[in-house]
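Participant: Just so it is clear, I am handing over target_18.txt, which has compact mmCIF, C-alpha atoms and all ligand atoms.
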# COMPACT_ATOMS: atom_id res chain seq x y z
CA MET E 1 -3.90 -15.99 -9.27
CA ASN E 2 -0.14 -16.47 -8.84
CA ILE E 3 0.98 -16.40 -5.22
CA LEU E 4 4.67 -15.60 -5.14
CA SER E 5 7.19 -14.87 -2.44
CA SER E 6 10.59 -14.75 -4.16
CA LEU E 7 11.76 -11.57 -5.87
CA LEU E 8 13.04 -13.48 -8.88
CA ASP E 9 9.66 -15.17 -9.41
CA LEU E 10 7.92 -11.80 -9.14
CA ARG E 11 10.27 -10.18 -11.67
CA THR E 12 9.90 -13.09 -14.10
CA LYS E 13 6.12 -12.93 -13.83
CA ARG E 14 6.11 -9.12 -14.17
CA LEU E 15 8.08 -9.39 -17.45
CA SER E 16 5.34 -11.63 -18.84
CA LEU E 17 2.55 -9.10 -18.11
CA ASP E 18 1.71 -7.02 -21.19
CA GLY E 19 -0.30 -3.82 -20.95
CA LYS E 20 -1.08 -1.67 -17.93
CA VAL E 21 -0.31 -2.96 -14.46
CA GLY E 22 -2.08 -1.68 -11.33
CA LEU E 23 -0.53 -2.18 -7.90
CA VAL E 24 -2.28 -2.38 -4.53
CA PRO E 25 0.30 -2.46 -1.72
CA THR E 26 -1.09 -3.78 1.59
CA MET E 27 -0.02 -5.14 4.95
CA GLY E 28 -2.70 -7.86 4.70
CA TYR E 29 -5.64 -8.59 6.99
CA LEU E 30 -7.74 -7.26 4.15
CA HIS E 31 -11.10 -5.55 4.63
CA PRO E 32 -13.62 -4.16 2.11
CA GLY E 33 -11.59 -0.92 1.90
CA HIS E 34 -8.61 -2.84 0.49
CA LEU E 35 -10.88 -4.84 -1.80
CA SER E 36 -12.34 -1.62 -3.21
CA LEU E 37 -8.79 -0.56 -4.18
CA VAL E 38 -8.27 -3.92 -5.88
CA SER E 39 -11.57 -3.64 -7.80
CA ARG E 40 -10.67 -0.13 -8.94
CA ALA E 41 -7.21 -1.32 -10.03
CA LYS E 42 -8.82 -4.22 -11.92
CA ALA E 43 -11.24 -1.85 -13.71
CA GLU E 44 -8.46 0.54 -14.77
CA ASN E 45 -5.62 -1.85 -15.75
CA ASP E 46 -4.92 -5.02 -17.73
CA HIS E 47 -3.29 -6.72 -14.73
CA VAL E 48 -3.33 -6.30 -10.98
CA ILE E 49 -0.56 -7.05 -8.49
CA VAL E 50 -1.37 -7.05 -4.76
CA THR E 51 1.48 -7.07 -2.26
CA ILE E 52 1.06 -8.32 1.29
CA PHE E 53 3.93 -7.45 3.61
CA VAL E 54 3.75 -6.34 7.24
CA ASN E 55 6.56 -3.83 7.10
CA PRO E 56 8.54 -3.88 10.36
CA THR E 57 10.30 -0.54 9.76
CA GLN E 58 7.09 1.50 9.88
CA PHE E 59 6.29 0.31 13.41
CA GLY E 60 7.67 2.33 16.33
CA ALA E 61 9.41 0.80 19.35
CA ASN E 62 6.19 1.12 21.40
CA GLU E 63 3.94 -0.27 18.61
CA ASP E 64 3.54 -4.02 18.76
CA LEU E 65 4.53 -5.40 15.36
CA SER E 66 4.07 -8.99 16.56
CA LYS E 67 0.40 -8.25 17.42
CA TYR E 68 -0.47 -6.79 13.99
CA PRO E 69 -3.30 -9.01 12.67
CA ARG E 70 -2.27 -11.48 9.99
CA ASP E 71 -4.27 -14.12 8.08
CA LEU E 72 -2.77 -14.91 4.68
CA GLU E 73 -5.18 -17.77 3.89
CA ARG E 74 -8.18 -15.52 4.47
CA ASP E 75 -6.60 -12.69 2.43
CA LEU E 76 -6.02 -15.03 -0.51
CA GLU E 77 -9.63 -16.28 -0.36
CA LEU E 78 -10.86 -12.68 -0.45
CA LEU E 79 -8.63 -11.82 -3.42
CA LYS E 80 -9.40 -14.92 -5.51
CA PRO E 81 -12.77 -13.75 -6.94
CA LEU E 82 -11.38 -10.30 -7.85
CA GLY E 83 -9.28 -11.37 -10.83
CA VAL E 84 -5.91 -10.48 -9.26
CA ASP E 85 -2.98 -11.72 -11.39
CA VAL E 86 -0.25 -11.78 -8.76
CA VAL E 87 -0.08 -11.71 -4.97
CA TRP E 88 3.45 -11.02 -3.79
CA ASN E 89 4.10 -11.92 -0.15
CA PRO E 90 7.85 -11.47 0.35
CA SER E 91 9.73 -12.33 3.55
CA ALA E 92 11.39 -9.70 5.75
CA GLU E 93 14.76 -11.15 4.65
CA ILE E 94 13.96 -10.32 1.01
CA MET E 95 12.86 -6.76 1.75
CA TYR E 96 15.57 -6.04 4.33
CA PRO E 97 18.64 -8.17 3.54
CA SER E 98 21.17 -8.59 6.32
CA GLY E 99 23.23 -5.40 6.74
CA TYR E 100 20.41 -3.23 5.34
CA GLN E 101 21.20 0.53 5.42
CA THR E 102 19.38 2.32 2.59
CA TRP E 103 16.40 4.58 3.29
CA VAL E 104 14.02 6.86 1.43
CA ASN E 105 12.98 9.90 3.47
CA VAL E 106 10.51 12.66 2.61
CA GLU E 107 11.29 15.75 4.71
CA ALA E 108 8.85 18.54 5.78
CA LEU E 109 5.64 16.67 4.91
CA THR E 110 6.47 13.91 7.39
CA ASN E 111 7.01 16.26 10.36
CA PRO E 112 3.43 17.05 11.52
CA LEU E 113 0.42 14.87 12.43
CA GLU E 114 1.21 11.15 12.18
CA GLY E 115 4.89 11.93 11.67
CA ALA E 116 5.06 13.83 14.97
CA MET E 117 3.30 11.04 16.87
CA ARG E 118 5.09 8.15 15.17
CA PRO E 119 8.73 9.14 14.63
CA GLY E 120 10.35 7.13 11.84
CA HIS E 121 7.00 5.76 10.61
CA PHE E 122 7.03 7.48 7.22
CA LYS E 123 10.69 6.68 6.60
CA GLY E 124 9.63 3.03 6.87
CA VAL E 125 6.62 3.58 4.60
CA THR E 126 8.47 5.47 1.86
CA THR E 127 11.35 3.00 1.90
CA ILE E 128 9.12 -0.05 1.55
CA VAL E 129 6.82 1.57 -1.02
CA SER E 130 9.87 2.53 -3.14
CA LYS E 131 11.12 -1.04 -2.96
CA ILE E 132 7.67 -2.38 -3.90
CA PHE E 133 7.48 0.12 -6.80
CA ASN E 134 10.91 -1.02 -8.03
CA ALA E 135 10.00 -4.69 -7.75
CA THR E 136 6.55 -4.50 -9.36
CA GLN E 137 7.01 -1.65 -11.88
CA PRO E 138 3.33 -0.64 -11.95
CA HIS E 139 1.73 2.04 -14.13
CA LYS E 140 -0.72 3.00 -11.38
CA ALA E 141 -0.63 2.45 -7.62
CA TYR E 142 -3.75 2.59 -5.42
CA PHE E 143 -3.93 3.98 -1.88
CA GLY E 144 -6.81 4.84 0.47
CA GLN E 145 -7.69 8.41 1.49
CA LYS E 146 -8.05 7.10 5.06
CA ASP E 147 -4.25 7.41 5.40
CA ALA E 148 -4.29 11.01 4.20
CA GLN E 149 -0.75 11.94 5.20
CA GLN E 150 0.61 8.69 3.75
CA VAL E 151 -1.02 9.62 0.45
CA ALA E 152 0.51 13.13 0.53
CA VAL E 153 3.95 11.72 1.36
CA ILE E 154 3.84 9.01 -1.30
CA ARG E 155 2.70 11.52 -3.93
CA ARG E 156 5.63 13.78 -3.03
CA MET E 157 8.08 10.87 -3.10
CA THR E 158 6.79 9.65 -6.47
CA LEU E 159 7.27 13.14 -7.92
CA ASP E 160 10.66 13.73 -6.29
CA LEU E 161 12.12 10.35 -7.31
CA ASN E 162 10.59 10.48 -10.82
CA PHE E 163 8.77 7.17 -10.47
CA PRO E 164 6.72 6.87 -13.69
CA ILE E 165 3.68 5.85 -11.67
CA GLU E 166 0.25 7.45 -11.26
CA ILE E 167 -0.89 7.54 -7.64
CA VAL E 168 -4.63 6.88 -7.44
CA VAL E 169 -6.36 7.87 -4.20
CA CYS E 170 -9.59 6.02 -3.37
CA PRO E 171 -12.31 7.12 -0.91
CA THR E 172 -12.43 5.81 2.65
CA LEU E 173 -14.90 2.96 3.08
CA ARG E 174 -17.04 3.18 6.22
CA GLU E 175 -19.20 0.87 8.31
CA ASP E 176 -22.93 1.71 8.46
CA ASP E 177 -22.40 3.86 11.56
CA GLY E 178 -19.58 5.83 9.92
CA LEU E 179 -16.52 4.12 11.46
CA ALA E 180 -13.74 4.09 8.87
CA MET E 181 -12.78 0.53 7.92
CA SER E 182 -9.39 -0.46 9.27
CA SER E 183 -7.55 -3.67 10.13
CA ARG E 184 -7.13 -2.18 13.62
CA ASN E 185 -10.92 -2.14 14.30
CA LYS E 186 -10.52 -5.83 15.11
CA TYR E 187 -8.87 -4.84 18.42
CA LEU E 188 -12.00 -3.00 19.68
CA ASN E 189 -14.30 -4.74 22.16
CA ASP E 190 -18.09 -4.12 21.88
CA GLU E 191 -18.10 -1.05 24.10
CA GLU E 192 -15.05 0.44 22.35
CA ARG E 193 -16.53 -0.34 18.94
CA LYS E 194 -19.55 1.83 19.81
CA ALA E 195 -17.35 4.58 21.23
CA ALA E 196 -15.19 4.56 18.08
CA THR E 197 -17.99 6.20 16.06
CA VAL E 198 -17.05 9.43 17.84
CA LEU E 199 -14.30 10.07 15.26
CA PHE E 200 -16.81 10.14 12.40
CA ARG E 201 -19.30 12.12 14.47
CA SER E 202 -16.76 14.81 15.33
CA LEU E 203 -15.61 15.12 11.71
CA SER E 204 -19.24 15.33 10.55
CA GLU E 205 -20.04 18.09 13.06
CA ALA E 206 -17.02 20.14 11.96
CA LYS E 207 -17.95 19.63 8.30
CA LYS E 208 -21.48 20.85 9.03
CA LEU E 209 -19.98 24.12 10.28
CA PHE E 210 -17.77 24.34 7.18
CA ASP E 211 -20.77 23.67 4.90
CA ALA E 212 -22.64 26.46 6.68
CA GLY E 213 -19.83 28.88 5.78
CA GLU E 214 -17.45 28.71 8.78
CA ARG E 215 -13.83 29.24 7.64
CA ASP E 216 -12.06 29.80 10.97
CA ALA E 217 -9.93 26.67 11.44
CA ASP E 218 -9.90 27.04 15.23
CA VAL E 219 -13.69 26.87 15.33
CA LEU E 220 -13.59 23.56 13.44
CA ARG E 221 -10.75 22.15 15.58
CA ASN E 222 -12.66 23.14 18.74
CA LYS E 223 -15.86 21.52 17.50
CA MET E 224 -14.01 18.25 16.83
CA LYS E 225 -12.39 18.39 20.30
CA GLU E 226 -15.77 19.13 21.93
CA VAL E 227 -17.45 16.09 20.31
CA LEU E 228 -14.47 13.84 21.04
CA GLY E 229 -14.45 15.11 24.64
CA SER E 230 -18.01 13.88 25.10
CA GLU E 231 -16.88 10.25 24.72
CA PRO E 232 -15.30 8.95 27.94
CA LEU E 233 -13.39 6.14 26.18
CA ALA E 234 -11.74 8.53 23.70
CA ASN E 235 -8.25 9.83 24.40
CA VAL E 236 -7.34 12.43 21.76
CA GLN E 237 -3.78 12.45 20.42
CA TYR E 238 -4.21 15.24 17.88
CA VAL E 239 -6.93 17.12 16.02
CA SER E 240 -5.95 19.07 12.93
CA CYS E 241 -7.32 21.42 10.30
CA ALA E 242 -4.46 21.73 7.82
CA ASP E 243 -3.75 22.74 4.25
CA TYR E 244 -4.45 19.70 2.05
CA ASP E 245 -1.11 19.85 0.21
CA SER E 246 1.42 21.18 2.72
CA LEU E 247 -0.31 19.73 5.82
CA GLU E 248 0.49 22.97 7.67
CA GLU E 249 -2.07 24.00 10.31
CA LEU E 250 -4.44 26.72 9.07
CA ASN E 251 -5.88 29.84 10.64
CA LEU E 252 -8.32 30.50 7.83
CA ILE E 253 -9.59 27.92 5.30
CA GLU E 254 -9.17 29.43 1.84
CA ASN E 255 -8.28 26.35 -0.25
CA LYS E 256 -8.66 22.59 -0.04
CA ALA E 257 -8.18 21.54 3.60
CA LEU E 258 -7.81 18.35 5.59
CA LEU E 259 -9.58 17.72 8.89
CA SER E 260 -7.80 14.85 10.61
CA MET E 261 -7.34 13.23 13.98
CA ALA E 262 -5.73 10.39 15.90
CA VAL E 263 -7.65 9.10 18.89
CA PHE E 264 -7.06 6.20 21.27
CA ILE E 265 -10.18 4.22 22.02
CA GLY E 266 -8.98 2.10 24.90
CA LYS E 267 -5.60 0.82 23.73
CA THR E 268 -6.45 1.04 20.02
CA ARG E 269 -5.17 4.03 18.07
CA LEU E 270 -7.58 5.09 15.31
CA ILE E 271 -7.16 7.78 12.65
CA ASP E 272 -9.73 9.36 10.37
CA ASN E 273 -10.11 12.43 8.16
CA PHE E 274 -12.41 14.44 5.90
CA VAL E 275 -11.28 16.55 2.95
CA LEU E 276 -12.92 19.99 2.77
CA GLY E 277 -13.36 22.00 -0.41
O1 LIG E 301 -1.06 1.53 4.08
C1 LIG E 301 -0.45 0.46 4.30
O2 LIG E 301 -1.03 -0.62 4.48
C2 LIG E 301 1.07 0.50 4.39
O3 LIG E 301 1.51 1.67 4.99
C3 LIG E 301 1.75 0.28 3.03
C4 LIG E 301 1.44 1.40 2.06
C5 LIG E 301 1.30 -1.04 2.43
C6 LIG E 301 3.27 0.23 3.22
O4 LIG E 301 3.65 -0.79 4.09
Is it possible to express this structure as structure tokens?
Ligand code: PAF
Facilitator:
Amino acid sequence: MNILSSLLDLRTKRLSLDGKVGLVPTMGYLHPGHLSLVSRAKAENDHVIVTIFVNPTQFGANEDLSKYPRDLERDLELLKPLGVDVVWNPSAEIMYPSGYQTWVNVEALTNPLEGAMRPGHFKGVTTIVSKIFNATQPHKAYFGQKDAQQVAVIRRMTLDLNFPIEIVVCPTLREDDGLAMSSRNKYLNDEERKAATVLFRSLSEAKKLFDAGERDADVLRNKMKEVLGSEPLANVQYVSCADYDSLEELNLIENKALLSMAVFIGKTRLIDNFVLG
């Protein structure tokens, strides 16, 4: 496993890789969800590149970048047995050289949901992902369904900018009690950790209604709000039942839809989603 930080070293190494290259971009503090993306990339490609970079431009002014969990040594230990060829861990100076002023911005798709709550977040994501795509030149790139809007936005960007890259979306990995795996779960104390299962429970209850034939989006949104409302530690930011592709809120579910939510449990902001249909 080559652990590289310079862009020149990465490019030199990339030129030596023959065959298909799979990319897993991450911000580190890896959990089994990330590792499942790496294993899938390994199974489907000749070589795998993992990037680890905590991207400052996707954090808002009120989101504490300095507190984002980091542990490179642990990440490298977790990646070692998975047959990763290259780990690229660039510095902020490499990704954002002094005087930086070039951005990639996807329009309508970034307005609702996470985009409305975290202004500028997706501009940071699409800019850094474009730069990582340029630097690593993968054939396939792997992302988790847990960040459903990120996946929709990156797909759109890949199409719009003609990146010759297949975007592979992998299922959300969950703890035994249903909590979606996330680097942010580390912030939860014991009481909050228990309370955090309410996201999964509310999505499951809404899906039960859908499976029983309910197609009124308001009924599903209300069910999710009702379950979330039963948990005193949960502070709901948004609950959505939207079209899977456009992310526009629905009245009636006729095609593939996305149930999603952002909920504060204490000071920790968690997101989760289910795809319907
Ligand atoms: O999903 C993430 O961890 C990040 O948003 C990504 C895609 C690595 C870009 O910084």
Participant: My list of candidates is E:Leu17, E:Glu249, E:Thr26, E:Val263. Which is closest to E:Ser202 when distances are computed with all atoms listed in the file?
Facilitator: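 Using all atoms listed in the file, E:Ser202 sits closest to E:Val263.
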Participant: Using 8 Å of padding on each side, determine the axis-aligned box around all atoms of stretch 227-245 of chain E present in the file and give its centre and edge lengths in Å to one decimal, as JSON.
Facilitator:
{"center_x": -9.6, "center_y": 14.4, "center_z": 14.1, "size_x": 32.9, "size_y": 32.6, "size_z": 43.7}
Participant: Identify, counting only C-alpha atoms and all ligand atoms, the protein, DNA and RNA residues located within 6 Å of ligand LIG 301 (chain E), and give them as a list of chain:residue names.
Facilitator: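 So, counting only C-alpha atoms and all ligand atoms, the residues near ligand LIG 301 (chain E) are E:Pro25, E:Thr26, E:Met27, E:Asn55, E:Val125, E:Val129.
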Participant: For a test of reading the model, state the distance in Å between atom CA of E:Leu276 and atom CA of E:Met117, rounded to one decimal.
Facilitator: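 It comes out at 23.3 Å.
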Participant: Using only C-alpha atoms, give me every residue within 8 Å of (-10.3, 1.5, -2.7) in file coordinates, as a list in words.
Facilitator: Gly33, His34, Leu35, Ser36, Leu37, Val38, Ser39, Arg40, Tyr142, Phe143, Gly144, Val169, Cys170, Pro171, Thr172 and Leu173 of chain E
Participant: Between atom CA of E:Ala116 and atom CA of E:Asp245, what is the distance in Å, rounded to a tenth?
Facilitator: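 So the answer is 17.1 Å.
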Participant: Using all atoms listed in the file, which residues sit within 7 Å of E:Ala141 once same-chain residues fewer than 5 positions away are excluded, as a list in words?
Facilitator: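 Once the nearby chain positions are removed, what remains is Gly22, Leu23, Val24, Ile165, Glu166, Ile167 and Val168 of chain E.
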Participant: Which neighbours of E:Val21 fall inside 7 Å, counting only C-alpha atoms, when residues of the same chain fewer than 6 positions from it are skipped, and could you give them as a list in words?
Facilitator: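 That gives Asn45, Asp46, His47, Val48, Pro138, His139 and Lys140 of chain E.
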Participant: Where does stretch 20-64 of chain E meet stretch 76-87 of chain E within 6 Å, residue by residue, with the nearest atom pair and distance in Å to one decimal for each, counting only C-alpha atoms, listed by chain and rising number, as a Markdown table?
Facilitator:
| residue | atom | partner | partner_atom | distance |
| --- | --- | --- | --- | --- |
| E:Val48 | CA | E:Val84 | CA | 5.2 |
| E:Ile49 | CA | E:Val86 | CA | 4.7 |
| E:Val50 | CA | E:Val87 | CA | 4.8 |
| E:Thr51 | CA | E:Val87 | CA | 5.6 |
Participant: Between atom CA of E:Tyr244 and atom CA of E:Leu259, what is the distance, to one decimal in Å?
Facilitator: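 Taking atom CA of E:Tyr244 as the start and atom CA of E:Leu259 as the end point, the length is 8.8 Å.
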Participant: Which one of E:Val151, E:Leu113, E:Val106, E:Met95 sits closest to E:Ile128 if you count all atoms listed in the file?
Facilitator: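 When distances to E:Ile128 are compared using all atoms listed in the file, the smallest one comes from E:Met95.
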Participant: Using only C-alpha atoms for the distances, tell me which of E:Asp147, E:Glu191, E:Glu254, E:Asp9 is nearest to E:Gly115.
Facilitator: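 Ranking E:Asp147, E:Glu191, E:Glu254, E:Asp9 by distance to E:Gly115, first place goes to E:Asp147.
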Participant: Determine the nearest neighbour of E:Thr12 from the options E:Phe163, E:Gly229, E:Leu220, E:Ala135, counting all atoms listed in the file.
Facilitator: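 Looking at the shortest contact to E:Thr12, the residue is E:Ala135.
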Participant: Find the residue from E:Glu107, E:Glu93, E:Asp211, E:Asp272 that sits nearest to E:Ser240; use all atoms listed in the file when measuring.
Facilitator: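 Result for the nearest residue to E:Ser240: E:Asp272.
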Participant: With distances taken over all atoms listed in the file, which of E:Val54, E:Leu258, E:Asp243, E:Ala195 is nearest to E:Ala92?
Facilitator: E:Val54
Participant: Name all residues at most 7 Å from E:Val153 (count all atoms listed in the file; drop same-chain ones fewer than 3 positions away) and give them as a PDB file with C-alpha atoms, in the coordinates of the input.
Facilitator:
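Produced file around-v9.pdb, reproduced below:
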ATOM      1  CA  VAL E 106      10.510  12.660   2.610  1.00  0.00           C
ATOM      2  CA  LEU E 109       5.640  16.670   4.910  1.00  0.00           C
ATOM      3  CA  THR E 110       6.470  13.910   7.390  1.00  0.00           C
ATOM      4  CA  GLN E 149      -0.750  11.940   5.200  1.00  0.00           C
ATOM      5  CA  GLN E 150       0.610   8.690   3.750  1.00  0.00           C
ATOM      6  CA  ARG E 156       5.630  13.780  -3.030  1.00  0.00           C
ATOM      7  CA  MET E 157       8.080  10.870  -3.100  1.00  0.00           C
TER       8      MET E 157
END
Participant: Around the point (-9.7, 11.3, 7.0) (coordinates from the file), which residues reach within 7 Å if we count all atoms listed in the file? Answer as a ChimeraX atom specification.
Facilitator: /E:145-148,259-260,272-275
Participant: Mind checking which residues fall within 10 Å of E:Lys267, counting all atoms listed in the file, ignoring those fewer than 3 positions away in the same chain, and posting them as a short mmCIF file (atom, residue, chain, number, x, y, z; two decimals) with C-alpha atoms, keeping the file's coordinate frame?
Facilitator:
data_model
loop_
_atom_site.label_atom_id
_atom_site.label_comp_id
_atom_site.auth_asym_id
_atom_site.auth_seq_id
_atom_site.Cartn_x
_atom_site.Cartn_y
_atom_site.Cartn_z
CA TYR E 187 -8.87 -4.84 18.42
CA LEU E 188 -12.00 -3.00 19.68
CA GLU E 192 -15.05 0.44 22.35
CA LEU E 233 -13.39 6.14 26.18
CA ALA E 234 -11.74 8.53 23.70
CA ASN E 235 -8.25 9.83 24.40
CA VAL E 263 -7.65 9.10 18.89
CA PHE E 264 -7.06 6.20 21.27
CA LEU E 270 -7.58 5.09 15.31
#
